[in-house]
>>> print(open('final.pdb').read())   # PDB, C-alpha atoms and all ligand atoms
ATOM      1  CA  MET A   1     143.796 123.568  90.564
ATOM      2  CA  PRO A   2     147.208 125.050  91.453
ATOM      3  CA  PHE A   3     148.602 124.020  94.810
ATOM      4  CA  ILE A   4     149.507 127.534  95.917
ATOM      5  CA  ASP A   5     147.282 130.346  94.730
ATOM      6  CA  VAL A   6     148.077 133.906  95.755
ATOM      7  CA  LYS A   7     145.726 136.668  94.641
ATOM      8  CA  ASN A   8     146.383 140.389  95.011
ATOM      9  CA  LEU A   9     148.512 140.053  98.120
ATOM     10  CA  SER A  10     149.299 143.453  99.600
ATOM     11  CA  VAL A  11     150.956 144.288 102.904
ATOM     12  CA  HIS A  12     150.459 147.856 104.068
ATOM     13  CA  ASP A  13     152.290 149.752 106.795
ATOM     14  CA  PRO A  14     149.829 152.263 108.283
ATOM     15  CA  VAL A  15     152.607 154.127 110.120
ATOM     16  CA  GLN A  16     154.727 154.865 107.059
ATOM     17  CA  GLN A  17     151.531 154.886 104.948
ATOM     18  CA  LYS A  18     153.101 152.708 102.291
ATOM     19  CA  ASP A  19     152.650 149.291 100.747
ATOM     20  CA  LEU A  20     155.575 146.960 101.508
ATOM     21  CA  VAL A  21     154.235 144.704  98.750
ATOM     22  CA  ALA A  22     151.283 145.364  96.463
ATOM     23  CA  ASN A  23     149.110 143.156  94.266
ATOM     24  CA  ILE A  24     151.326 140.075  94.203
ATOM     25  CA  THR A  25     149.502 137.380  92.220
ATOM     26  CA  PHE A  26     150.901 133.981  91.290
ATOM     27  CA  SER A  27     150.157 130.287  91.454
ATOM     28  CA  LEU A  28     152.360 127.224  91.750
ATOM     29  CA  GLN A  29     151.823 123.489  91.256
ATOM     30  CA  GLN A  30     153.270 120.790  93.493
ATOM     31  CA  GLN A  31     156.779 119.586  92.656
ATOM     32  CA  ARG A  32     157.530 122.958  91.106
ATOM     33  CA  CYS A  33     160.057 125.436  92.395
ATOM     34  CA  LEU A  34     159.463 129.164  92.226
ATOM     35  CA  ALA A  35     162.342 131.549  92.914
ATOM     36  CA  VAL A  36     161.496 135.058  94.095
ATOM     37  CA  ILE A  37     164.247 137.482  93.167
ATOM     38  CA  GLY A  38     164.678 141.222  93.616
ATOM     39  CA  GLU A  39     167.104 143.660  95.167
ATOM     40  CA  SER A  40     167.425 144.104  98.924
ATOM     41  CA  GLY A  41     164.318 145.744 100.439
ATOM     42  CA  SER A  42     162.098 144.888  97.463
ATOM     43  CA  GLY A  43     159.649 142.888  99.608
ATOM     44  CA  LYS A  44     160.815 139.272  99.169
ATOM     45  CA  SER A  45     160.831 138.372 102.882
ATOM     46  CA  THR A  46     157.474 140.120 103.340
ATOM     47  CA  VAL A  47     155.982 137.750 100.721
ATOM     48  CA  ALA A  48     157.585 134.784 102.530
ATOM     49  CA  LYS A  49     156.238 135.907 105.907
ATOM     50  CA  ALA A  50     152.746 136.343 104.451
ATOM     51  CA  LEU A  51     152.881 132.773 103.103
ATOM     52  CA  ILE A  52     153.691 131.358 106.537
ATOM     53  CA  GLY A  53     151.218 133.663 108.282
ATOM     54  CA  LEU A  54     153.860 135.612 110.211
ATOM     55  CA  ILE A  55     153.228 139.217 109.213
ATOM     56  CA  PRO A  56     153.349 141.334 112.424
ATOM     57  CA  SER A  57     149.961 142.588 113.582
ATOM     58  CA  SER A  58     151.152 146.204 113.166
ATOM     59  CA  LEU A  59     150.844 145.693 109.385
ATOM     60  CA  GLU A  60     147.678 145.199 107.299
ATOM     61  CA  VAL A  61     147.415 142.229 104.931
ATOM     62  CA  GLU A  62     144.994 142.145 102.019
ATOM     63  CA  GLY A  63     144.292 139.599  99.305
ATOM     64  CA  ALA A  64     144.010 135.816  99.464
ATOM     65  CA  ILE A  65     146.505 132.996  99.939
ATOM     66  CA  MET A  66     145.175 129.502  99.239
ATOM     67  CA  PHE A  67     146.909 126.172  99.732
ATOM     68  CA  ASN A  68     145.184 123.310  97.927
ATOM     69  CA  GLY A  69     141.902 125.240  97.855
ATOM     70  CA  GLU A  70     141.956 126.215 101.544
ATOM     71  CA  THR A  71     142.453 129.803 102.647
ATOM     72  CA  LEU A  72     145.381 130.705 104.862
ATOM     73  CA  THR A  73     144.209 132.623 107.919
ATOM     74  CA  THR A  74     145.914 133.383 111.240
ATOM     75  CA  GLN A  75     144.389 130.194 112.701
ATOM     76  CA  THR A  76     145.131 127.892 109.760
ATOM     77  CA  ALA A  77     148.704 129.241 109.488
ATOM     78  CA  GLU A  78     149.268 128.367 113.127
ATOM     79  CA  GLN A  79     148.012 124.796 112.538
ATOM     80  CA  TRP A  80     149.800 124.309 109.227
ATOM     81  CA  ARG A  81     153.262 125.646 110.093
ATOM     82  CA  GLY A  82     155.701 122.772 110.398
ATOM     83  CA  LYS A  83     153.619 119.860 109.185
ATOM     84  CA  ARG A  84     152.028 121.360 106.060
ATOM     85  CA  ILE A  85     154.152 124.462 105.520
ATOM     86  CA  GLY A  86     157.869 124.100 106.109
ATOM     87  CA  PHE A  87     160.091 127.130 106.557
ATOM     88  CA  ILE A  88     163.849 127.287 106.102
ATOM     89  CA  SER A  89     165.350 130.606 107.125
ATOM     90  CA  GLN A  90     168.630 132.319 106.354
ATOM     91  CA  ASP A  91     169.701 132.415 109.951
ATOM     92  CA  ALA A  92     169.928 128.780 110.994
ATOM     93  CA  MET A  93     171.644 129.662 114.282
ATOM     94  CA  ASN A  94     168.628 131.653 115.471
ATOM     95  CA  ALA A  95     166.201 128.941 114.394
ATOM     96  CA  PHE A  96     167.548 126.659 117.140
ATOM     97  CA  ASN A  97     167.364 126.992 120.906
ATOM     98  CA  PRO A  98     170.976 127.492 122.083
ATOM     99  CA  ILE A  99     170.517 125.607 125.365
ATOM    100  CA  GLU A 100     168.983 122.380 124.002
ATOM    101  CA  THR A 101     170.787 119.668 122.055
ATOM    102  CA  ILE A 102     170.097 119.125 118.350
ATOM    103  CA  GLY A 103     168.600 115.722 119.212
ATOM    104  CA  HIS A 104     166.229 117.152 121.818
ATOM    105  CA  GLN A 105     165.004 119.796 119.375
ATOM    106  CA  MET A 106     164.560 117.369 116.492
ATOM    107  CA  MET A 107     162.710 114.823 118.643
ATOM    108  CA  GLU A 108     160.495 117.485 120.192
ATOM    109  CA  THR A 109     159.506 118.668 116.692
ATOM    110  CA  PHE A 110     158.744 115.118 115.530
ATOM    111  CA  GLN A 111     156.724 114.467 118.679
ATOM    112  CA  ARG A 112     154.682 117.640 118.245
ATOM    113  CA  HIS A 113     153.957 117.270 114.532
ATOM    114  CA  LEU A 114     154.092 113.523 113.923
ATOM    115  CA  GLY A 115     153.329 112.118 117.393
ATOM    116  CA  LEU A 116     156.594 110.142 117.433
ATOM    117  CA  GLN A 117     157.868 109.243 120.909
ATOM    118  CA  GLY A 118     161.194 108.040 122.326
ATOM    119  CA  LYS A 119     163.064 105.559 120.133
ATOM    120  CA  GLU A 120     160.804 106.210 117.155
ATOM    121  CA  GLY A 121     161.548 109.939 117.296
ATOM    122  CA  LYS A 122     165.278 109.269 117.627
ATOM    123  CA  ALA A 123     165.278 106.887 114.666
ATOM    124  CA  HIS A 124     163.425 109.504 112.624
ATOM    125  CA  ALA A 125     166.012 112.150 113.580
ATOM    126  CA  ILE A 126     168.911 109.860 112.623
ATOM    127  CA  ALA A 127     167.254 108.996 109.300
ATOM    128  CA  GLY A 128     166.866 112.734 108.594
ATOM    129  CA  LEU A 129     170.524 113.515 109.355
ATOM    130  CA  GLU A 130     171.619 110.628 107.129
ATOM    131  CA  ARG A 131     169.429 111.895 104.301
ATOM    132  CA  VAL A 132     171.315 115.205 104.273
ATOM    133  CA  HIS A 133     174.644 113.342 104.471
ATOM    134  CA  LEU A 134     175.652 114.547 107.932
ATOM    135  CA  LYS A 135     178.255 112.240 109.433
ATOM    136  CA  ASN A 136     178.033 110.523 112.872
ATOM    137  CA  PRO A 137     174.337 111.295 113.423
ATOM    138  CA  ASN A 138     174.324 109.643 116.847
ATOM    139  CA  GLU A 139     177.038 112.020 118.065
ATOM    140  CA  LEU A 140     175.451 114.992 116.338
ATOM    141  CA  LEU A 141     172.200 114.483 118.247
ATOM    142  CA  LYS A 142     174.094 115.071 121.504
ATOM    143  CA  GLN A 143     175.640 118.354 120.328
ATOM    144  CA  TYR A 144     174.480 121.926 120.926
ATOM    145  CA  PRO A 145     173.841 124.382 118.057
ATOM    146  CA  TYR A 146     177.023 126.407 118.778
ATOM    147  CA  GLU A 147     179.113 123.265 118.172
ATOM    148  CA  LEU A 148     177.938 123.063 114.537
ATOM    149  CA  SER A 149     178.885 125.284 111.588
ATOM    150  CA  GLY A 150     176.242 127.431 109.845
ATOM    151  CA  GLY A 151     176.210 125.012 106.906
ATOM    152  CA  MET A 152     175.651 122.005 109.167
ATOM    153  CA  LEU A 153     172.815 123.753 111.015
ATOM    154  CA  GLN A 154     171.237 124.668 107.685
ATOM    155  CA  ARG A 155     171.371 120.984 106.713
ATOM    156  CA  VAL A 156     169.821 119.975 110.062
ATOM    157  CA  MET A 157     166.981 122.417 109.330
ATOM    158  CA  ILE A 158     166.561 120.830 105.876
ATOM    159  CA  ALA A 159     166.628 117.358 107.480
ATOM    160  CA  ILE A 160     163.814 118.340 109.879
ATOM    161  CA  THR A 161     161.769 119.785 107.007
ATOM    162  CA  MET A 162     162.400 116.691 104.871
ATOM    163  CA  MET A 163     161.240 114.339 107.636
ATOM    164  CA  LEU A 164     158.058 116.356 108.266
ATOM    165  CA  SER A 165     157.245 116.100 104.518
ATOM    166  CA  PRO A 166     155.276 119.342 104.210
ATOM    167  CA  ASP A 167     153.206 120.167 101.096
ATOM    168  CA  VAL A 168     154.818 123.582 100.772
ATOM    169  CA  ILE A 169     158.352 124.663 101.600
ATOM    170  CA  ILE A 170     159.419 128.287 101.834
ATOM    171  CA  ALA A 171     163.151 128.976 102.006
ATOM    172  CA  ASP A 172     164.243 132.589 102.591
ATOM    173  CA  GLU A 173     167.860 133.153 101.462
ATOM    174  CA  PRO A 174     168.901 129.639 102.542
ATOM    175  CA  THR A 175     172.466 129.970 101.255
ATOM    176  CA  ALA A 176     173.173 133.609 102.131
ATOM    177  CA  SER A 177     175.443 132.949 105.106
ATOM    178  CA  LEU A 178     177.282 129.926 103.701
ATOM    179  CA  ASP A 179     180.705 129.383 102.152
ATOM    180  CA  ALA A 180     181.043 127.878  98.675
ATOM    181  CA  TYR A 181     181.250 124.258  99.867
ATOM    182  CA  ASN A 182     178.212 124.412 102.142
ATOM    183  CA  ARG A 183     176.313 126.438  99.595
ATOM    184  CA  ARG A 184     176.714 123.656  97.023
ATOM    185  CA  GLU A 185     175.713 121.017  99.585
ATOM    186  CA  VAL A 186     172.609 122.964 100.606
ATOM    187  CA  ILE A 187     171.551 123.485  96.965
ATOM    188  CA  MET A 188     171.812 119.738  96.402
ATOM    189  CA  GLN A 189     169.797 118.997  99.532
ATOM    190  CA  LEU A 190     167.093 121.479  98.539
ATOM    191  CA  GLN A 191     166.823 119.790  95.145
ATOM    192  CA  ARG A 192     166.398 116.418  96.857
ATOM    193  CA  LEU A 193     163.907 117.948  99.256
ATOM    194  CA  LYS A 194     161.753 119.022  96.335
ATOM    195  CA  GLU A 195     162.038 115.688  94.519
ATOM    196  CA  GLU A 196     161.520 113.457  97.539
ATOM    197  CA  THR A 197     158.712 115.325  99.299
ATOM    198  CA  GLY A 198     156.845 116.351  96.121
ATOM    199  CA  ALA A 199     156.363 119.729  97.791
ATOM    200  CA  ALA A 200     155.869 123.050  96.085
ATOM    201  CA  LEU A 201     159.048 124.967  96.864
ATOM    202  CA  ILE A 202     159.362 128.735  97.052
ATOM    203  CA  ILE A 203     162.915 129.898  97.350
ATOM    204  CA  ILE A 204     163.902 133.473  97.939
ATOM    205  CA  SER A 205     167.398 134.195  96.835
ATOM    206  CA  HIS A 206     169.579 136.747  95.153
ATOM    207  CA  ASP A 207     172.076 133.979  94.481
ATOM    208  CA  LEU A 208     171.654 133.390  90.756
ATOM    209  CA  GLY A 209     173.635 130.151  91.007
ATOM    210  CA  VAL A 210     170.977 128.777  93.358
ATOM    211  CA  VAL A 211     168.130 130.069  91.223
ATOM    212  CA  GLN A 212     169.546 128.593  88.018
ATOM    213  CA  ALA A 213     170.219 125.257  89.698
ATOM    214  CA  ILE A 214     166.824 124.764  91.222
ATOM    215  CA  ALA A 215     164.019 127.070  89.995
ATOM    216  CA  ASP A 216     161.422 126.116  87.383
ATOM    217  CA  GLU A 217     159.818 129.552  87.511
ATOM    218  CA  VAL A 218     161.014 132.988  88.540
ATOM    219  CA  LEU A 219     159.035 135.866  90.006
ATOM    220  CA  VAL A 220     160.762 139.238  89.966
ATOM    221  CA  VAL A 221     159.799 141.864  92.543
ATOM    222  CA  HIS A 222     160.862 145.485  92.520
ATOM    223  CA  GLN A 223     159.826 148.048  95.159
ATOM    224  CA  GLY A 224     157.065 145.749  96.360
ATOM    225  CA  GLU A 225     155.562 145.113  92.923
ATOM    226  CA  MET A 226     155.744 142.095  90.641
ATOM    227  CA  LEU A 227     157.542 142.760  87.405
ATOM    228  CA  GLU A 228     157.360 139.340  85.793
ATOM    229  CA  HIS A 229     156.594 135.696  86.555
ATOM    230  CA  ARG A 230     157.869 133.348  83.863
ATOM    231  CA  PRO A 231     159.740 130.066  83.323
ATOM    232  CA  ALA A 232     163.264 130.350  84.768
ATOM    233  CA  ASP A 233     165.116 129.721  81.491
ATOM    234  CA  LYS A 234     163.082 132.476  79.786
ATOM    235  CA  VAL A 235     163.865 134.995  82.519
ATOM    236  CA  PHE A 236     167.587 134.231  82.234
ATOM    237  CA  THR A 237     167.763 134.211  78.426
ATOM    238  CA  SER A 238     165.290 136.975  77.609
ATOM    239  CA  PRO A 239     164.316 139.086  80.633
ATOM    240  CA  GLU A 240     161.183 141.045  79.763
ATOM    241  CA  HIS A 241     161.586 143.986  82.048
ATOM    242  CA  PRO A 242     164.573 146.402  81.988
ATOM    243  CA  GLN A 243     164.744 146.160  85.794
ATOM    244  CA  THR A 244     165.088 142.353  85.554
ATOM    245  CA  LYS A 245     167.898 142.778  83.031
ATOM    246  CA  HIS A 246     169.605 145.225  85.377
ATOM    247  CA  LEU A 247     169.195 142.850  88.340
ATOM    248  CA  LEU A 248     170.673 139.904  86.434
ATOM    249  CA  GLU A 249     173.606 141.957  85.156
ATOM    250  CA  THR A 250     174.381 143.398  88.602
ATOM    251  CA  ARG A 251     174.252 139.973  90.195
ATOM    252  CA  ARG A 252     176.467 138.456  87.516
ATOM    253  CA  ARG A 253     178.969 141.275  87.962
ATOM    254  CA  LEU A 254     178.969 140.791  91.726
ATOM    255  CA  SER A 255     179.519 137.065  91.487
ATOM    256  CA  ALA A 256     182.141 137.272  88.680
ATOM    257  CA  PRO A 257     185.176 137.972  90.931
ATOM    258  CA  LEU A 258     184.073 135.115  93.213
ATOM    259  CA  GLU A 259     183.755 132.732  90.273
ATOM    260  CA  ALA A 260     187.201 133.792  88.998
ATOM    261  CA  LEU A 261     188.668 133.093  92.441
ATOM    262  CA  ARG A 262     186.988 129.675  92.533
ATOM    263  CA  GLN A 263     188.395 128.869  89.091
ATOM    264  CA  GLN A 264     191.896 129.850  90.268
ATOM    265  CA  GLN A 265     191.530 127.678  93.352
ATOM    266  CA  ARG A 266     190.406 124.772  91.197
ATOM    267  CA  VAL A 267     193.437 125.261  88.930
ATOM    268  CA  ARG A 268     195.716 125.418  91.967
ATOM    269  CA  ALA A 269     194.164 122.305  93.467
ATOM    270  CA  PHE A 270     194.378 120.389  90.190
ATOM    271  CA  PRO A 271     197.420 121.900  88.386
ATOM    272  CA  CYS A 272     197.454 119.269  85.648
TER     273      CYS A 272
HETATM  274  N1  LIG A 301     157.692 144.870 110.241
HETATM  275  C1  LIG A 301     157.892 145.854 109.362
HETATM  276  N2  LIG A 301     157.368 147.071 109.557
HETATM  277  C2  LIG A 301     157.578 148.078 108.676
HETATM  278  N3  LIG A 301     158.290 147.959 107.546
HETATM  279  C3  LIG A 301     158.842 146.776 107.297
HETATM  280  C4  LIG A 301     158.681 145.642 108.171
HETATM  281  N4  LIG A 301     159.342 144.581 107.655
HETATM  282  C5  LIG A 301     159.900 145.013 106.504
HETATM  283  N5  LIG A 301     159.611 146.331 106.283
HETATM  284  C6  LIG A 301     160.001 147.123 105.102
HETATM  285  O1  LIG A 301     159.430 146.493 103.973
HETATM  286  C7  LIG A 301     160.281 146.604 102.843
HETATM  287  C8  LIG A 301     160.543 145.217 102.281
HETATM  288  O2  LIG A 301     161.295 144.469 103.228
HETATM  289  P1  LIG A 301     161.682 142.935 103.012
HETATM  290  O3  LIG A 301     160.455 142.202 102.634
HETATM  291  O4  LIG A 301     162.406 142.496 104.230
HETATM  292  O5  LIG A 301     162.666 143.040 101.754
HETATM  293  P2  LIG A 301     163.689 141.955 101.150
HETATM  294  O6  LIG A 301     163.464 140.657 101.837
HETATM  295  O7  LIG A 301     163.385 141.922  99.682
HETATM  296  O8  LIG A 301     165.065 142.503 101.402
HETATM  297  C9  LIG A 301     161.544 147.317 103.329
HETATM  298  O9  LIG A 301     161.426 148.669 102.979
HETATM  299  C10 LIG A 301     161.496 147.133 104.827
HETATM  300  O10 LIG A 301     162.130 148.196 105.493
HETATM  301 MG    MG A 302     164.799 139.407 102.940
END
>>> encode(input="final.pdb", output="structure tokens")
Amino acid sequence: MPFIDVKNLSVHDPVQQKDLVANITFSLQQQRCLAVIGESGSGKSTVAKALIGLIPSSLEVEGAIMFNGETLTTQTAEQWRGKRIGFISQDAMNAFNPIETIGHQMMETFQRHLGLQGKEGKAHAIAGLERVHLKNPNELLKQYPYELSGGMLQRVMIAITMMLSPDVIIADEPTASLDAYNRREVIMQLQRLKEETGAALIIISHDLGVVQAIADEVLVVHQGEMLEHRPADKVFTSPEHPQTKHLLETRRRLSAPLEALRQQQRVRAFPC
């Protein structure tokens, strides 16, 4: 039995009278990583929100989402978020409360989901920060979100997810707001997250570098519909659909100048 089983997922907007996504069907085993790719507005975040049970009530959801044989409903989503279903968003800054320290927020999460109190919660938070290679964890716990860079906050979010050990992790554009250094760090941490938790990982990204580094399978969406769902290497070497080909070429073209710049910087940094 696949760990995640999505059948004919559609999300309809009755106001605009249109489907934001239609008939999305896929399954995923544990310890596998599925990347969802598609141009902006194609419905990727809508799929992610459906999987964590956060589609606004103004929209209509149809179809079935099962995790390990159990159906996701509004009630089960509420219970499962955090402990069973981890979510890593693009906007790490907004994921944290600006007026509470990182330590307070980490410990509160571990208390709520794992029942850890006081010293136990603090030790768990420090272990998490060490696992994502953040320096001076004791000091970091006392800091406020605005004192950390976007990349550091993203790694704190990964640390929290890692220490909750969910069965399923959904990451929506986790590297979109990061510079090259933090992007590489976050990709490495996501890979470890998958290996160490054994979770099924769904990563939404238009960053082909991320997708190639981490995905086992790729699902391509276009205007709310699924075009193909195949092993990642197959999608990259022989895209089936013309729209997939177009998407890969556009993305490669967009990232080419950046890659050239990085090469130049590398040459400058290591002239011999
Ligand atoms: N809450 C909402 N109500 C109505 N339309 C929405 C809502 N959220 C997203 N949409 C629309 O659904 C489509 C898909 O959006 P989204 O899933 O965010 O795309 P992506 O993440 O691929 O950029 C877009 O046309 C967007 O405008
Ligand atoms: Mg999106």
>>> residues_near_ligand(input="final.pdb", ligand="ligand MG 302 (chain A)", cutoff="7 Å", atoms="only C-alpha atoms and all ligand atoms", output="PDB file with C-alpha atoms, in the frame of the given file")
ATOM      1  CA  SER A  40     167.425 144.104  98.924  1.00  0.00           C
ATOM      2  CA  GLY A  41     164.318 145.744 100.439  1.00  0.00           C
ATOM      3  CA  LYS A  44     160.815 139.272  99.169  1.00  0.00           C
ATOM      4  CA  SER A  45     160.831 138.372 102.882  1.00  0.00           C
ATOM      5  CA  ASP A 172     164.243 132.589 102.591  1.00  0.00           C
TER       6      ASP A 172
END
>>> closest_residue(input="final.pdb", among="A:Thr74, A:Ser177, A:Ser205, A:Gln243", to="ligand LIG 301 (chain A)", atoms="only C-alpha atoms and all ligand atoms")
A:Ser205
>>> resolve_selection(input="final.pdb", expression="the PyMOL selection byres (((chain A and resi 46) around 8) and not hetatm)", output="list in words")
Val11, Leu20, Val21, Gly43, Lys44, Ser45, Val47, Ala48, Lys49, Ala50 and Ile55 of chain A
>>> resolve_selection(input="final.pdb", expression="the PyMOL selection byres (((chain A and resi 139) around 12) and not hetatm)", output="number ranges by chain")
A: 101-103, 125-126, 129, 134-138, 140-144, 147-148
>>> closest_residue(input="final.pdb", among="A:Glu108, A:Asp5, A:Glu225, A:Glu185", to="ligand LIG 301 (chain A)", atoms="all atoms listed in the file")
A:Glu225
>>> closest_residue(input="final.pdb", among="A:Ala232, A:Leu201, A:Leu227, A:Val220", to="A:Gly86", atoms="all atoms listed in the file")
A:Leu201
>>> closest_residue(input="final.pdb", among="A:Glu217, A:Glu240, A:Glu130, A:Glu173", to="ligand LIG 301 (chain A)", atoms="only C-alpha atoms and all ligand atoms")
A:Glu173
>>> resolve_selection(input="final.pdb", expression="the PyMOL selection byres (((chain A and resi 88) around 9) and not hetatm)", output="PDB file with C-alpha atoms, in the frame of the given file")
ATOM      1  CA  GLY A  86     157.869 124.100 106.109  1.00  0.00           C
ATOM      2  CA  PHE A  87     160.091 127.130 106.557  1.00  0.00           C
ATOM      3  CA  SER A  89     165.350 130.606 107.125  1.00  0.00           C
ATOM      4  CA  GLN A  90     168.630 132.319 106.354  1.00  0.00           C
ATOM      5  CA  ASP A  91     169.701 132.415 109.951  1.00  0.00           C
ATOM      6  CA  ALA A  92     169.928 128.780 110.994  1.00  0.00           C
ATOM      7  CA  ALA A  95     166.201 128.941 114.394  1.00  0.00           C
ATOM      8  CA  GLN A 154     171.237 124.668 107.685  1.00  0.00           C
ATOM      9  CA  MET A 157     166.981 122.417 109.330  1.00  0.00           C
ATOM     10  CA  ILE A 158     166.561 120.830 105.876  1.00  0.00           C
ATOM     11  CA  THR A 161     161.769 119.785 107.007  1.00  0.00           C
ATOM     12  CA  ILE A 169     158.352 124.663 101.600  1.00  0.00           C
ATOM     13  CA  ILE A 170     159.419 128.287 101.834  1.00  0.00           C
ATOM     14  CA  ALA A 171     163.151 128.976 102.006  1.00  0.00           C
ATOM     15  CA  ASP A 172     164.243 132.589 102.591  1.00  0.00           C
ATOM     16  CA  GLU A 173     167.860 133.153 101.462  1.00  0.00           C
ATOM     17  CA  PRO A 174     168.901 129.639 102.542  1.00  0.00           C
TER      18      PRO A 174
END
>>> axis_aligned_box(input="final.pdb", around="ligand LIG 301 (chain A)", padding_each_side="8 Å", output="lines of an AutoDock Vina configuration file")
center_x = 161.2
center_y = 144.7
center_z = 105.0
size_x = 23.7
size_y = 24.0
size_z = 26.6
>>> atom_distance(input="final.pdb", atom1="atom CA of A:Ile24", atom2="atom CA of A:His229")
10.3 Å
>>> closest_residue(input="final.pdb", among="A:Thr197, A:Gln111, A:Ser238, A:Thr175", to="A:Arg32", atoms="only C-alpha atoms")
A:Thr197
>>> closest_residue(input="final.pdb", among="A:Gly69, A:Gly38, A:Gly53, A:Pro14", to="A:Leu219", atoms="only C-alpha atoms")
A:Gly38
>>> residues_around(input="final.pdb", residues="A:Ala215", least_positions_apart="6", cutoff="6 Å", atoms="all atoms listed in the file", output="number ranges by chain")
A: 33-35
>>> atom_distance(input="final.pdb", atom1="atom CA of A:Glu120", atom2="atom CA of A:Leu153")
22.1 Å
>>> atom_distance(input="final.pdb", atom1="atom O7 of ligand LIG 301 (chain A)", atom2="atom CA of A:Glu39")
6.1 Å
